[in-house]
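Text of upload-v3.pdb, listed as PDB, C-alpha atoms:
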ATOM      1  CA  MET A1426       0.000   0.000   0.000
ATOM      2  CA  ALA A1427       1.282   3.474  -0.888
ATOM      3  CA  ASN A1428       2.015   5.748   2.055
ATOM      4  CA  PHE A1429       1.266   9.425   2.492
ATOM      5  CA  ALA A1430       2.507  12.422   4.431
ATOM      6  CA  VAL A1431       0.174  15.334   5.137
ATOM      7  CA  ILE A1432       1.350  18.944   5.325
ATOM      8  CA  LEU A1433      -1.123  21.331   6.969
ATOM      9  CA  PRO A1434      -0.126  24.965   6.321
ATOM     10  CA  ALA A1435      -1.251  27.237   9.158
ATOM     11  CA  ALA A1436       1.299  30.047   9.103
ATOM     12  CA  GLY A1437      -1.029  32.784   7.846
ATOM     13  CA  ARG A1438      -2.028  35.800   9.919
ATOM     14  CA  SER A1439      -5.776  35.228   9.462
ATOM     15  CA  THR A1440      -6.328  38.753   8.130
ATOM     16  CA  ARG A1441      -9.449  37.668   6.226
ATOM     17  CA  PHE A1442     -10.728  36.174   9.463
ATOM     18  CA  GLY A1443     -10.875  39.620  11.055
ATOM     19  CA  GLY A1444      -7.346  40.065  12.412
ATOM     20  CA  ARG A1445      -8.016  38.067  15.571
ATOM     21  CA  LYS A1446      -5.838  35.225  16.814
ATOM     22  CA  ASN A1447      -4.862  32.622  14.260
ATOM     23  CA  LYS A1448      -8.145  31.094  13.117
ATOM     24  CA  ILE A1449      -6.862  27.531  13.489
ATOM     25  CA  GLN A1450      -6.936  28.019  17.279
ATOM     26  CA  VAL A1451     -10.596  29.025  17.296
ATOM     27  CA  GLU A1452     -12.676  26.242  18.821
ATOM     28  CA  LEU A1453     -15.280  24.365  16.834
ATOM     29  CA  ASP A1454     -17.615  22.466  19.159
ATOM     30  CA  GLY A1455     -15.014  22.321  21.898
ATOM     31  CA  ARG A1456     -11.838  21.564  19.927
ATOM     32  CA  ALA A1457      -9.480  23.827  18.028
ATOM     33  CA  ILE A1458      -9.985  23.899  14.262
ATOM     34  CA  TRP A1459      -6.459  22.637  13.575
ATOM     35  CA  ILE A1460      -7.085  19.574  15.762
ATOM     36  CA  ARG A1461     -10.221  18.718  13.820
ATOM     37  CA  ALA A1462      -8.323  19.169  10.537
ATOM     38  CA  VAL A1463      -5.572  16.807  11.704
ATOM     39  CA  GLU A1464      -8.196  14.287  12.832
ATOM     40  CA  LEU A1465      -9.298  13.923   9.207
ATOM     41  CA  PHE A1466      -6.031  12.098   8.570
ATOM     42  CA  ALA A1467      -4.670  10.866  11.915
ATOM     43  CA  THR A1468      -6.438   7.504  11.920
ATOM     44  CA  ARG A1469      -5.984   6.671   8.236
ATOM     45  CA  PRO A1470      -3.633   3.672   7.912
ATOM     46  CA  GLU A1471      -1.826   5.034   4.857
ATOM     47  CA  ILE A1472      -0.719   8.204   6.689
ATOM     48  CA  VAL A1473       2.824   7.928   8.047
ATOM     49  CA  LYS A1474       3.638  11.584   8.753
ATOM     50  CA  LEU A1475       1.636  14.636   9.875
ATOM     51  CA  ILE A1476       3.291  18.050   9.637
ATOM     52  CA  LEU A1477       1.708  21.275  10.874
ATOM     53  CA  VAL A1478       3.321  24.498   9.626
ATOM     54  CA  ILE A1479       2.986  27.440  12.024
ATOM     55  CA  ASN A1480       3.884  31.134  11.936
ATOM     56  CA  PRO A1481       7.400  31.376  13.451
ATOM     57  CA  GLU A1482       6.216  34.101  15.837
ATOM     58  CA  GLU A1483       3.594  31.746  17.287
ATOM     59  CA  LEU A1484       5.641  28.544  17.237
ATOM     60  CA  SER A1485       6.892  28.463  20.817
ATOM     61  CA  ASP A1486       3.566  29.394  22.418
ATOM     62  CA  PHE A1487       1.689  26.994  20.147
ATOM     63  CA  LYS A1488       3.915  24.044  21.061
ATOM     64  CA  GLN A1489       3.515  24.806  24.744
ATOM     65  CA  LYS A1490      -0.257  25.248  24.593
ATOM     66  CA  TYR A1491      -0.947  22.129  22.541
ATOM     67  CA  ALA A1492       1.911  19.851  23.662
ATOM     68  CA  ALA A1493      -0.423  17.033  24.715
ATOM     69  CA  ASN A1494      -2.441  17.122  21.480
ATOM     70  CA  LEU A1495       0.668  17.184  19.322
ATOM     71  CA  MET A1496       2.160  14.225  21.140
ATOM     72  CA  PHE A1497      -1.057  12.192  21.162
ATOM     73  CA  MET A1498      -1.614  12.662  17.398
ATOM     74  CA  ASN A1499       2.113  12.415  16.576
ATOM     75  CA  VAL A1500       2.184  15.764  14.764
ATOM     76  CA  GLN A1501       5.469  17.463  13.915
ATOM     77  CA  VAL A1502       5.345  21.268  14.029
ATOM     78  CA  VAL A1503       7.667  23.338  11.845
ATOM     79  CA  ALA A1504       8.104  27.067  11.278
ATOM     80  CA  GLY A1505       6.515  28.470   8.131
ATOM     81  CA  GLY A1506       7.542  31.265   5.797
ATOM     82  CA  ALA A1507       6.330  34.617   4.540
ATOM     83  CA  GLU A1508       4.049  33.129   1.867
ATOM     84  CA  ARG A1509       1.977  29.965   1.763
ATOM     85  CA  VAL A1510       4.309  28.407  -0.783
ATOM     86  CA  ASP A1511       7.243  29.010   1.590
ATOM     87  CA  SER A1512       5.354  27.232   4.350
ATOM     88  CA  VAL A1513       4.609  24.273   2.102
ATOM     89  CA  GLU A1514       8.282  24.081   1.171
ATOM     90  CA  ALA A1515       9.222  24.132   4.869
ATOM     91  CA  GLY A1516       6.804  21.278   5.496
ATOM     92  CA  LEU A1517       8.124  19.352   2.511
ATOM     93  CA  LYS A1518      11.640  19.413   3.960
ATOM     94  CA  ALA A1519      10.284  17.487   6.959
ATOM     95  CA  VAL A1520       8.784  14.720   4.806
ATOM     96  CA  PRO A1521      10.849  11.500   4.920
ATOM     97  CA  ASN A1522      12.373  10.344   1.638
ATOM     98  CA  ASP A1523      10.545   7.021   1.763
ATOM     99  CA  VAL A1524       7.111   8.653   1.588
ATOM    100  CA  ASP A1525       5.288   8.016  -1.696
ATOM    101  CA  TYR A1526       2.743  10.854  -1.778
ATOM    102  CA  VAL A1527       2.304  14.217  -0.091
ATOM    103  CA  ALA A1528      -1.121  15.684   0.660
ATOM    104  CA  ILE A1529      -1.364  19.416   1.364
ATOM    105  CA  HIS A1530      -4.472  20.409   3.284
ATOM    106  CA  ASP A1531      -5.433  23.779   4.747
ATOM    107  CA  ALA A1532      -5.348  23.524   8.540
ATOM    108  CA  ALA A1533      -8.384  25.823   8.652
ATOM    109  CA  ARG A1534     -10.529  23.312   6.710
ATOM    110  CA  PRO A1535     -11.737  20.843   9.364
ATOM    111  CA  LEU A1536     -14.862  19.446   7.690
ATOM    112  CA  THR A1537     -13.656  17.742   4.516
ATOM    113  CA  PRO A1538     -15.680  14.523   4.054
ATOM    114  CA  SER A1539     -13.696  11.285   4.139
ATOM    115  CA  ASP A1540     -14.982  10.239   0.717
ATOM    116  CA  VAL A1541     -13.387  13.343  -0.827
ATOM    117  CA  ILE A1542     -10.062  12.354   0.737
ATOM    118  CA  ASP A1543     -10.545   8.800  -0.569
ATOM    119  CA  ARG A1544     -11.160  10.063  -4.103
ATOM    120  CA  VAL A1545      -8.227  12.436  -4.289
ATOM    121  CA  PHE A1546      -5.814   9.928  -2.715
ATOM    122  CA  LYS A1547      -6.867   7.302  -5.266
ATOM    123  CA  ALA A1548      -6.613   9.720  -8.194
ATOM    124  CA  ALA A1549      -3.135  10.866  -7.140
ATOM    125  CA  GLN A1550      -1.942   7.262  -7.132
ATOM    126  CA  THR A1551      -3.262   6.823 -10.667
ATOM    127  CA  HIS A1552      -2.186  10.147 -12.162
ATOM    128  CA  GLY A1553       0.614  11.480  -9.927
ATOM    129  CA  ALA A1554      -1.199  14.702  -9.008
ATOM    130  CA  ALA A1555      -4.837  15.300  -8.071
ATOM    131  CA  ILE A1556      -6.989  17.909  -6.366
ATOM    132  CA  PRO A1557     -10.652  18.097  -5.331
ATOM    133  CA  GLY A1558     -12.920  20.892  -6.465
ATOM    134  CA  LEU A1559     -16.388  22.106  -7.362
ATOM    135  CA  ALA A1560     -17.596  23.007 -10.818
ATOM    136  CA  VAL A1561     -18.517  26.698 -10.961
ATOM    137  CA  THR A1562     -22.272  27.156 -11.298
ATOM    138  CA  ASP A1563     -22.660  30.898 -10.677
ATOM    139  CA  THR A1564     -22.633  33.538 -13.412
ATOM    140  CA  LEU A1565     -19.224  35.237 -13.502
ATOM    141  CA  LYS A1566     -18.633  38.901 -14.378
ATOM    142  CA  ARG A1567     -15.378  40.689 -15.055
ATOM    143  CA  VAL A1568     -15.362  44.284 -13.753
ATOM    144  CA  ASP A1569     -12.948  47.196 -14.125
ATOM    145  CA  PRO A1570     -11.370  49.156 -11.214
ATOM    146  CA  GLN A1571     -14.448  51.400 -11.159
ATOM    147  CA  SER A1572     -16.730  48.377 -10.657
ATOM    148  CA  HIS A1573     -18.213  48.619 -14.156
ATOM    149  CA  VAL A1574     -19.116  45.244 -15.641
ATOM    150  CA  GLN A1575     -16.927  44.576 -18.671
ATOM    151  CA  GLU A1576     -18.056  41.107 -19.707
ATOM    152  CA  THR A1577     -19.730  37.881 -18.674
ATOM    153  CA  ILE A1578     -17.262  35.011 -18.464
ATOM    154  CA  SER A1579     -18.208  31.520 -19.562
ATOM    155  CA  ARG A1580     -18.169  29.144 -16.598
ATOM    156  CA  ALA A1581     -17.655  26.127 -18.844
ATOM    157  CA  GLY A1582     -14.700  24.149 -17.558
ATOM    158  CA  LEU A1583     -14.185  26.373 -14.494
ATOM    159  CA  TRP A1584     -13.732  24.713 -11.096
ATOM    160  CA  GLN A1585     -13.177  26.024  -7.579
ATOM    161  CA  ALA A1586     -10.094  24.333  -6.143
ATOM    162  CA  GLN A1587     -10.216  22.717  -2.704
ATOM    163  CA  THR A1588      -7.871  20.680  -0.520
ATOM    164  CA  PRO A1589      -6.286  18.234   0.167
ATOM    165  CA  GLN A1590      -4.156  18.533  -2.950
ATOM    166  CA  VAL A1591      -2.083  15.392  -3.385
ATOM    167  CA  PHE A1592       1.132  14.815  -5.320
ATOM    168  CA  ARG A1593       3.801  12.202  -5.788
ATOM    169  CA  ARG A1594       6.559  13.213  -3.397
ATOM    170  CA  ASP A1595       9.332  12.994  -5.989
ATOM    171  CA  LEU A1596       7.404  15.273  -8.364
ATOM    172  CA  LEU A1597       6.668  17.771  -5.601
ATOM    173  CA  VAL A1598      10.328  17.857  -4.574
ATOM    174  CA  ASP A1599      11.292  18.436  -8.210
ATOM    175  CA  VAL A1600       8.942  21.372  -8.782
ATOM    176  CA  PHE A1601      10.209  23.113  -5.649
ATOM    177  CA  ALA A1602      13.780  22.534  -6.775
ATOM    178  CA  ARG A1603      12.831  24.447  -9.940
ATOM    179  CA  ARG A1604      11.442  27.568  -8.217
ATOM    180  CA  SER A1605      13.571  29.780 -10.465
ATOM    181  CA  GLU A1606      11.439  28.582 -13.396
ATOM    182  CA  TRP A1607       8.098  29.532 -11.859
ATOM    183  CA  SER A1608       6.378  32.204 -13.909
ATOM    184  CA  THR A1609       4.337  33.708 -11.051
ATOM    185  CA  GLN A1610       3.678  33.428  -7.320
ATOM    186  CA  PRO A1611       1.260  30.504  -7.002
ATOM    187  CA  THR A1612      -2.005  30.831  -5.080
ATOM    188  CA  ASP A1613      -2.405  27.096  -4.571
ATOM    189  CA  ASP A1614      -0.156  24.063  -4.693
ATOM    190  CA  ALA A1615      -1.423  22.600  -7.955
ATOM    191  CA  GLN A1616      -0.509  25.825  -9.772
ATOM    192  CA  VAL A1617       3.168  24.992  -9.250
ATOM    193  CA  PHE A1618       2.636  21.779 -11.215
ATOM    194  CA  GLU A1619       0.673  23.582 -13.910
ATOM    195  CA  MET A1620       3.442  26.153 -14.443
ATOM    196  CA  LEU A1621       5.985  23.407 -15.077
ATOM    197  CA  GLY A1622       3.782  21.422 -17.426
ATOM    198  CA  HIS A1623       2.689  18.587 -15.135
ATOM    199  CA  LYS A1624      -0.855  17.273 -15.480
ATOM    200  CA  VAL A1625      -3.175  17.612 -12.467
ATOM    201  CA  VAL A1626      -6.450  15.691 -12.298
ATOM    202  CA  MET A1627      -9.567  17.237 -10.767
ATOM    203  CA  VAL A1628     -11.943  15.063  -8.731
ATOM    204  CA  ALA A1629     -15.300  15.895  -7.190
ATOM    205  CA  GLY A1630     -15.006  17.830  -3.939
ATOM    206  CA  SER A1631     -17.712  18.897  -1.519
ATOM    207  CA  ALA A1632     -19.576  22.113  -0.843
TER     208      ALA A1632
END
As structure tokens - that is how I would like this structure written.
Amino acid sequence: MANFAVILPAAGRSTRFGGRKNKIQVELDGRAIWIRAVELFATRPEIVKLILVINPEELSDFKQKYAANLMFMNVQVVAGGAERVDSVEAGLKAVPNDVDYVAIHDAARPLTPSDVIDRVFKAAQTHGAAIPGLAVTDTLKRVDPQSHVQETISRAGLWQAQTPQVFRRDLLVDVFARRSEWSTQPTDDAQVFEMLGHKVVMVAGSA
């Protein structure tokens, strides 16, 4: 059976969450969001490594506050970087070389159904890279800086990307080794693969 490591980036400052404490520490029905996100993977037999990536400024306090949880779930905590992609790279450096696949899942997404994880894990093993998502169903408008509608954009073939995004470890290591070839700052992990010409398969996610 193929094995997997999971990197959970959580080094953001939660500015879209209202500038309060890191949103992953907010409790959802009695347990911190990051704990519930880790629990999605902690009992899966194919998971051999769990890595949580934290803002360096919060690292010491976080380890102290959640020492028991981290030990019980066997989670390694590492310091993240300035951008999400830097945090993913920091997590990747902690992945053992004998791991087959790496899943990257937002630590602030604690409710992903297990069947979505099943689908994307299976697709990654078949294709080398896979992500879950939702087909766009809303009407899309492009507007100018003055908020004037310029055009209606066809939604055909458009999907909203979700996580976990799963990749063969050797491919993921290779694309990060080629950062100098990236054409732009990626906004999700699959975009790194796209920029370097690797195929990524989309599977059905969940609203």
Spatial neighbours of region 1486-1500 of chain A, 9 Å, only C-alpha atoms, chain gap at least 3 places, as a VMD selection string: chain A and resid 1460 1463 to 1464 1467 to 1468 1474 to 1477 1479 1482 to 1483
May I have the centre and edge lengths, in Å to one decimal, of an axis-aligned box around the listed atoms of region 1478-1486 of chain A with 5 Å added to every side, as JSON?
{"center_x": 5.2, "center_y": 29.3, "center_z": 16.0, "size_x": 14.4, "size_y": 19.6, "size_z": 22.8}
Kindly indicate which residue among A:Pro1470, A:Pro1481, A:Pro1538, A:Pro1521 lies nearest to Asp1595 (chain A), using all atoms listed in the file for the distances. A:Pro1521
Using all atoms listed in the file, determine which residues lie at most 6 Å from Gly1630 (chain A), disregarding the query and same-chain residues fewer than 5 positions distant; provide the list as a list in words. Val1541, Pro1557, Gly1558 and Leu1559 of chain A
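Of the listed residues A:Arg1604, A:Arg1593, A:Lys1448, A:Arg1509, the one whose atoms come nearest to Ala1555 (chain A) is A:Arg1593, with distances taken using all atoms listed in the file.
Among A:Ile1449, A:Arg1567, A:Tyr1526, A:Glu1508, the residue with the shortest atom-to-atom distance to Val1473 (chain A), counting all atoms listed in the file, is A:Tyr1526.
If only C-alpha atoms are the atoms counted, then among A:Ser1605, A:Gln1610, A:Gln1590, A:Ser1572 the closest residue to Met1627 (chain A) is A:Gln1590.
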In terms of the shortest atom-to-atom distance over only C-alpha atoms, which of A:Phe1618, A:Ala1430, A:Leu1565, A:Val1626 is closest to Lys1518 (chain A)?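 The shortest atom-to-atom distance to Lys1518 (chain A) comes from A:Ala1430.
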Taking the file as shown, find all residues satisfying the PyMOL selection byres ((chain A and resi 1585-1589) around 8) and write them as a PDB file with C-alpha atoms, in the frame of the given file.
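Saved the output as selection-v2.pdb:
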ATOM      1  CA  ALA A1528      -1.121  15.684   0.660  1.00  0.00           C
ATOM      2  CA  ILE A1529      -1.364  19.416   1.364  1.00  0.00           C
ATOM      3  CA  HIS A1530      -4.472  20.409   3.284  1.00  0.00           C
ATOM      4  CA  ASP A1531      -5.433  23.779   4.747  1.00  0.00           C
ATOM      5  CA  ILE A1542     -10.062  12.354   0.737  1.00  0.00           C
ATOM      6  CA  VAL A1545      -8.227  12.436  -4.289  1.00  0.00           C
ATOM      7  CA  ILE A1556      -6.989  17.909  -6.366  1.00  0.00           C
ATOM      8  CA  PRO A1557     -10.652  18.097  -5.331  1.00  0.00           C
ATOM      9  CA  GLY A1558     -12.920  20.892  -6.465  1.00  0.00           C
ATOM     10  CA  LEU A1559     -16.388  22.106  -7.362  1.00  0.00           C
ATOM     11  CA  ALA A1560     -17.596  23.007 -10.818  1.00  0.00           C
ATOM     12  CA  VAL A1561     -18.517  26.698 -10.961  1.00  0.00           C
ATOM     13  CA  LEU A1583     -14.185  26.373 -14.494  1.00  0.00           C
ATOM     14  CA  TRP A1584     -13.732  24.713 -11.096  1.00  0.00           C
ATOM     15  CA  GLN A1590      -4.156  18.533  -2.950  1.00  0.00           C
ATOM     16  CA  VAL A1591      -2.083  15.392  -3.385  1.00  0.00           C
ATOM     17  CA  GLY A1630     -15.006  17.830  -3.939  1.00  0.00           C
TER      18      GLY A1630
END
Pick out the residues sitting within 9 Å of Thr1612 (chain A), and hand them over as a PDB file with C-alpha atoms, in the frame of the given file; count all atoms listed in the file, and ignore anything fewer than 4 positions along from it in its own chain.
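Output file selection_38.pdb is given in full below:
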ATOM      1  CA  ARG A1509       1.977  29.965   1.763  1.00  0.00           C
ATOM      2  CA  VAL A1510       4.309  28.407  -0.783  1.00  0.00           C
ATOM      3  CA  GLN A1616      -0.509  25.825  -9.772  1.00  0.00           C
ATOM      4  CA  VAL A1617       3.168  24.992  -9.250  1.00  0.00           C
TER       5      VAL A1617
END
Evaluate the PyMOL selection byres ((chain A and resi 1600) around 10) here and jot the selected residues down as a PyMOL selection string. chain A and resi 1595-1599+1601-1607+1617-1621+1623
Å distance separating CA of Gly1622 (chain A) from CA of Arg1544 (chain A), one decimal place: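 CA of Arg1544 (chain A) lies 23.0 Å from CA of Gly1622 (chain A).
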Find the residues around Asp1511 (chain A) up to 12 Å (all atoms listed in the file counted), leave out those fewer than 3 positions away in its own chain, and share them as a count of residues only. 25
Hey, which of A:Val1628, A:Ile1472, A:Leu1484, A:Ala1457 ends up closest to Ala1532 (chain A)? Count all atoms listed in the file.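 Smallest separation from Ala1532 (chain A) among the options: A:Ala1457.
Note that CA of Asp1543 (chain A) and CA of Asn1447 (chain A) are 28.6 Å apart.
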As an exercise, work out the distance from CA of Leu1536 (chain A) to CA of Asn1522 (chain A) in Å and give it to one decimal place. 29.3 Å
